[in-house]
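Step one of this worksheet: look at the structure below.
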Amino acid sequence: MILVTGSTGNVGRNIVRELLAAGEQVRALTRNPAESGLPPEVEVFEGDFTKPDTLPAALDGVQRAFVFPVLGALEGFLQHAVRNGLDRLVLLSSTAVTFPDPGWVGGAHLRNETEVLASGIDATFVRPTVFMANDLAWAGQIAQGGIVRGPYPKAAMAPVDERDIGAVAAAALLSDEPLDHVSFTGPESLDQVERVRIVSEVLGVKAEFEEISRAQAHAHLVHHMPDLAAEFLLDQLKDAAAGGGAEILSPEPVIGRPPHTYASWVEHRIADFRR
Ligand SMILES: NC(=O)c1ccc[n+]([C@@H]2O[C@H](COP(=O)([O-])OP(=O)(O)OC[C@H]3O[C@@H](n4cnc5c(N)ncnc54)[C@H](OP(=O)(O)O)[C@@H]3O)[C@@H](O)[C@H]2O)c1
């Protein structure tokens with residue numbers, strides 16, 4: 001039995017799909033089973049990382065688990081996992097942990113990784129770069145006239161499709177021996193202007209990127225995240241705009257196929273862009 005936490009999210013749903021396709025018995029953790037929308041063959045358990053007493057039932061009889069990085073709230077899960085004799089876990093982390101300056105986000109993921117190592121359970125850290133799914137934040141602006149506003153238009157990144165993150169995590173859960181930690185990106189270095197153009201072409205609607213200042217972007221971001229996380233994100237964009245394109249790290253050796261392109265991802269999430 002494999003437990004998938006974060007099972008209703010971008011990454012978790014794809015892990016569940018991969019594990020079911022491989023014929024595995026899957027248990028899924030969510031805070032709200034009634035709204036999970038998971039396939040009927042999945043055992044859905046209610047649980048919340050911030051309330052560790054809700055977790056032992058979900059871990060009972062489980063050999064391997066995917067751990068969603070609920071920041072600052074892994075300790076209780078790990079204690080119960082050790083008590084239940086969990087064989088292996090696969091933690092969602094971030095390439096930011098490998099940066100010379102991991103920043104607020106990388107620092108938080110590094111603390112997660114350190115806690116997991118201290119648990120003594122065999123672990124693989126899945127370290128994707130920025131998610132393509134972050135660009136769903138553009139959906140509202142595209143629906144309302146097609147002007148996507150942001151700072152650093154020439155910031156080039158190699159964002160990764162959540163289907164590929166799910167495939168890497170599933171490979172790490174299913175392999176006979178624990179895999180090494182995996183850092184990976186999507187297949188193309190694309191700046192923000194290029195990504196908006198691809199969204200526009202695939203959706204068949206008019207959309208353009210319009211530059212705003214860093215201060216304007218910061219004022220917007222702090223409504224959605226802590227100040228330090230907003231600064232981290234803006235610094236990442238600034239560095240990406242100054243660099244000559246993003247480094248590509250393919251997950252193909254782990255997943256056995258090329259990762260999805262950005263256009264393929266937009267096609268896959270077209271309903272979410274139109275919602
Ligand atoms: N965005 C990026 O560019 C990026 C890059 C590298 C790493 N990451 C990491 O990836 C994460 C995002 O992954 P995602 O897009 O798959 O997430 P998501 O779509 O936002 O889904 C979040 C999942 O976490 C579960 N969850 C949240 N709080 C929980 C709690 N207290 N107890 C138990 N479950 C909880 C939710 O389950 P229920 O609501 O069903 O309970 C849901 O399944 C980020 O948090 C970050 O750490 C992100």
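Each chain of the structure tokens is named A, B, ... in the order shown, its residues numbered from 1; ligands are numbered from 1 in display order.
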
Stretch 193-201 of chain A surroundings by only C-alpha atoms, 8 Å radius, close-in-sequence under 6 positions cut, as a count of residues only: 9

Taking only C-alpha atoms and all ligand atoms into account, which residues are within 6 Å of ligand 1, as a list in words?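 Using only C-alpha atoms and all ligand atoms, I find these residues within 6 Å of ligand 1: Gly6, Ser7, Thr8, Gly9, Asn10, Val11, Gly12, Thr30, Arg31, Asn32, Asp48, Phe49, Thr50, Pro69, Val70, Ser93, Ser94, Pro128, Thr129, Val130, Phe131 and Asn134 of chain A.
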
Each residue of stretch 107-223 of chain A lying at most 12 Å from stretch 235-243 of chain A should get a row with its shortest atom-to-atom pair and the distance in Å to one decimal, counting only C-alpha atoms; could you produce that, ordered by chain and increasing number, as CSV?
residue,atom,partner,partner_atom,distance
A:Thr129,CA,A:Gln236,CA,11.2
A:Val130,CA,A:Gln236,CA,10.1
A:Gly150,CA,A:Leu237,CA,10.1
A:Pro151,CA,A:Leu237,CA,7.9
A:Tyr152,CA,A:Ala241,CA,6.1
A:Pro153,CA,A:Ala241,CA,7.5
A:Lys154,CA,A:Ala241,CA,5.1
A:Ala155,CA,A:Ala241,CA,3.7
A:Ala156,CA,A:Ala240,CA,5.4
A:Met157,CA,A:Ala240,CA,6.6
A:Ala158,CA,A:Ala240,CA,10.2
A:Ser189,CA,A:Ala240,CA,10.2
A:Leu190,CA,A:Ala240,CA,10.3
A:Asp191,CA,A:Ala241,CA,8.1
A:Gln192,CA,A:Leu237,CA,9.7
A:Val193,CA,A:Ala241,CA,11.6
A:Ser213,CA,A:Lys238,CA,11.4
A:Arg214,CA,A:Lys238,CA,9.2
A:Ala217,CA,A:Leu237,CA,11.3
A:His218,CA,A:Asp235,CA,10.9

So that I can check the secondary structure, give me every residue of stretch 46-256 of chain A assigned helix (DSSP H, G or I) by backbone DSSP, as a PyMOL selection string. chain A and resi 52-54+56-59+75-83+95-98+103-119+132-143+162-174+192-203+214-221+227-242+252-255

List the neighbours of A:Leu71 out to 9 Å using only C-alpha atoms; skip same-chain residues closer than 3 positions along the sequence, and give me the result as a ChimeraX atom specification. /A:68,74,108-109,111-112

If you keep C-alpha atoms, can you produce a file of those selected residues as a tab-separated table (two decimals), in the first residue's frame?
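Wrote part-v1.tsv, looks like this:
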chain	number	residue	atom	x	y	z
A	68	PHE	CA	3.68	16.80	0.39
A	74	LEU	CA	6.25	17.52	8.84
A	108	ALA	CA	12.11	26.07	4.02
A	109	HIS	CA	12.56	23.03	1.76
A	111	ARG	CA	14.58	22.29	6.67
A	112	ASN	CA	12.06	19.70	5.42

Have a look at A:Arg163, A:Arg27, A:Arg83, A:Lys51 and name the one nearest to A:Phe66; count only C-alpha atoms.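 Once distances to A:Phe66 are computed over only C-alpha atoms, the minimum belongs to A:Arg27.
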
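Residues in contact range of stretch 172-185 of chain A, defined as at most 8 Å between only C-alpha atoms, with sequence neighbours fewer than 6 positions away removed, read Arg64, Ala65, Phe66, Arg88, Leu89, Val90, Ser94, Thr95, Asp122, Ala123, Thr124, Phe125, Val126, Arg127, Pro128, Thr129, Val130, Ala158, Pro159, Val160, Ile248, Leu249, Ser250 and Pro251 of chain A.
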
Write a file of the selected residues as a CSV table (one decimal), in the first residue's frame, keeping N, CA and C atoms.
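This is the output file out09.csv:
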chain,number,residue,atom,x,y,z
A,64,ARG,N,5.1,2.6,1.7
A,64,ARG,CA,5.8,3.7,1.1
A,64,ARG,C,4.9,4.9,1.1
A,65,ALA,N,5.5,6.1,1.1
A,65,ALA,CA,4.6,7.3,1.1
A,65,ALA,C,5.2,8.5,0.3
A,66,PHE,N,4.3,9.2,-0.4
A,66,PHE,CA,4.7,10.5,-1.0
A,66,PHE,C,4.4,11.6,0.1
A,88,ARG,N,9.9,3.6,3.0
A,88,ARG,CA,10.5,4.6,2.1
A,88,ARG,C,9.5,5.8,2.0
A,89,LEU,N,10.1,7.0,1.9
A,89,LEU,CA,9.3,8.1,1.5
A,89,LEU,C,9.9,9.0,0.5
A,90,VAL,N,9.1,9.6,-0.3
A,90,VAL,CA,9.5,10.5,-1.4
A,90,VAL,C,8.9,11.9,-1.1
A,94,SER,N,12.4,21.2,-3.9
A,94,SER,CA,12.6,22.2,-4.9
A,94,SER,C,14.1,22.3,-5.3
A,95,THR,N,14.3,22.7,-6.6
A,95,THR,CA,15.7,22.9,-7.0
A,95,THR,C,16.3,24.0,-6.2
A,122,ASP,N,14.4,5.6,4.6
A,122,ASP,CA,15.0,5.8,3.2
A,122,ASP,C,14.2,6.8,2.4
A,123,ALA,N,14.9,7.8,1.9
A,123,ALA,CA,14.1,8.9,1.3
A,123,ALA,C,14.7,9.3,-0.1
A,124,THR,N,13.8,9.8,-1.0
A,124,THR,CA,14.3,10.4,-2.2
A,124,THR,C,13.6,11.8,-2.2
A,125,PHE,N,14.4,12.8,-2.5
A,125,PHE,CA,13.9,14.2,-2.6
A,125,PHE,C,13.7,14.5,-4.1
A,126,VAL,N,12.5,14.9,-4.4
A,126,VAL,CA,12.1,15.2,-5.8
A,126,VAL,C,12.1,16.7,-5.9
A,127,ARG,N,13.1,17.2,-6.7
A,127,ARG,CA,13.4,18.7,-6.6
A,127,ARG,C,13.1,19.3,-8.0
A,128,PRO,N,11.8,19.6,-8.3
A,128,PRO,CA,11.5,20.3,-9.6
A,128,PRO,C,11.9,21.8,-9.5
A,129,THR,N,12.0,22.3,-10.7
A,129,THR,CA,12.1,23.8,-10.8
A,129,THR,C,10.7,24.4,-10.8
A,130,VAL,N,10.5,25.6,-11.2
A,130,VAL,CA,9.2,26.3,-11.1
A,130,VAL,C,8.2,25.5,-11.9
A,158,ALA,N,12.8,27.3,-17.2
A,158,ALA,CA,12.5,26.1,-17.8
A,158,ALA,C,11.4,25.4,-17.0
A,159,PRO,N,10.2,25.9,-17.0
A,159,PRO,CA,9.2,25.4,-16.1
A,159,PRO,C,8.8,23.9,-16.4
A,160,VAL,N,8.3,23.3,-15.4
A,160,VAL,CA,8.1,21.8,-15.5
A,160,VAL,C,6.6,21.5,-15.3
A,248,ILE,N,18.8,23.4,-18.6
A,248,ILE,CA,17.8,22.3,-18.7
A,248,ILE,C,18.4,21.1,-18.1
A,249,LEU,N,17.6,20.5,-17.2
A,249,LEU,CA,17.9,19.3,-16.5
A,249,LEU,C,16.8,18.3,-16.8
A,250,SER,N,17.0,17.4,-17.7
A,250,SER,CA,15.9,16.5,-18.1
A,250,SER,C,15.6,15.4,-17.1
A,251,PRO,N,14.3,15.1,-16.8
A,251,PRO,CA,14.0,14.0,-16.0
A,251,PRO,C,13.9,12.7,-16.8

Expressed in Å to a single decimal, how great is the separation between atom CA of A:Gly204 and atom CA of A:Arg269? 13.9 Å

Can you tell me which residues surround A:Pro33 at a distance of at most 7 Å, considering only C-alpha atoms, apart from same-chain residues fewer than 3 positions away, and format the answer as a ChimeraX atom specification? /A:30,36,44-46
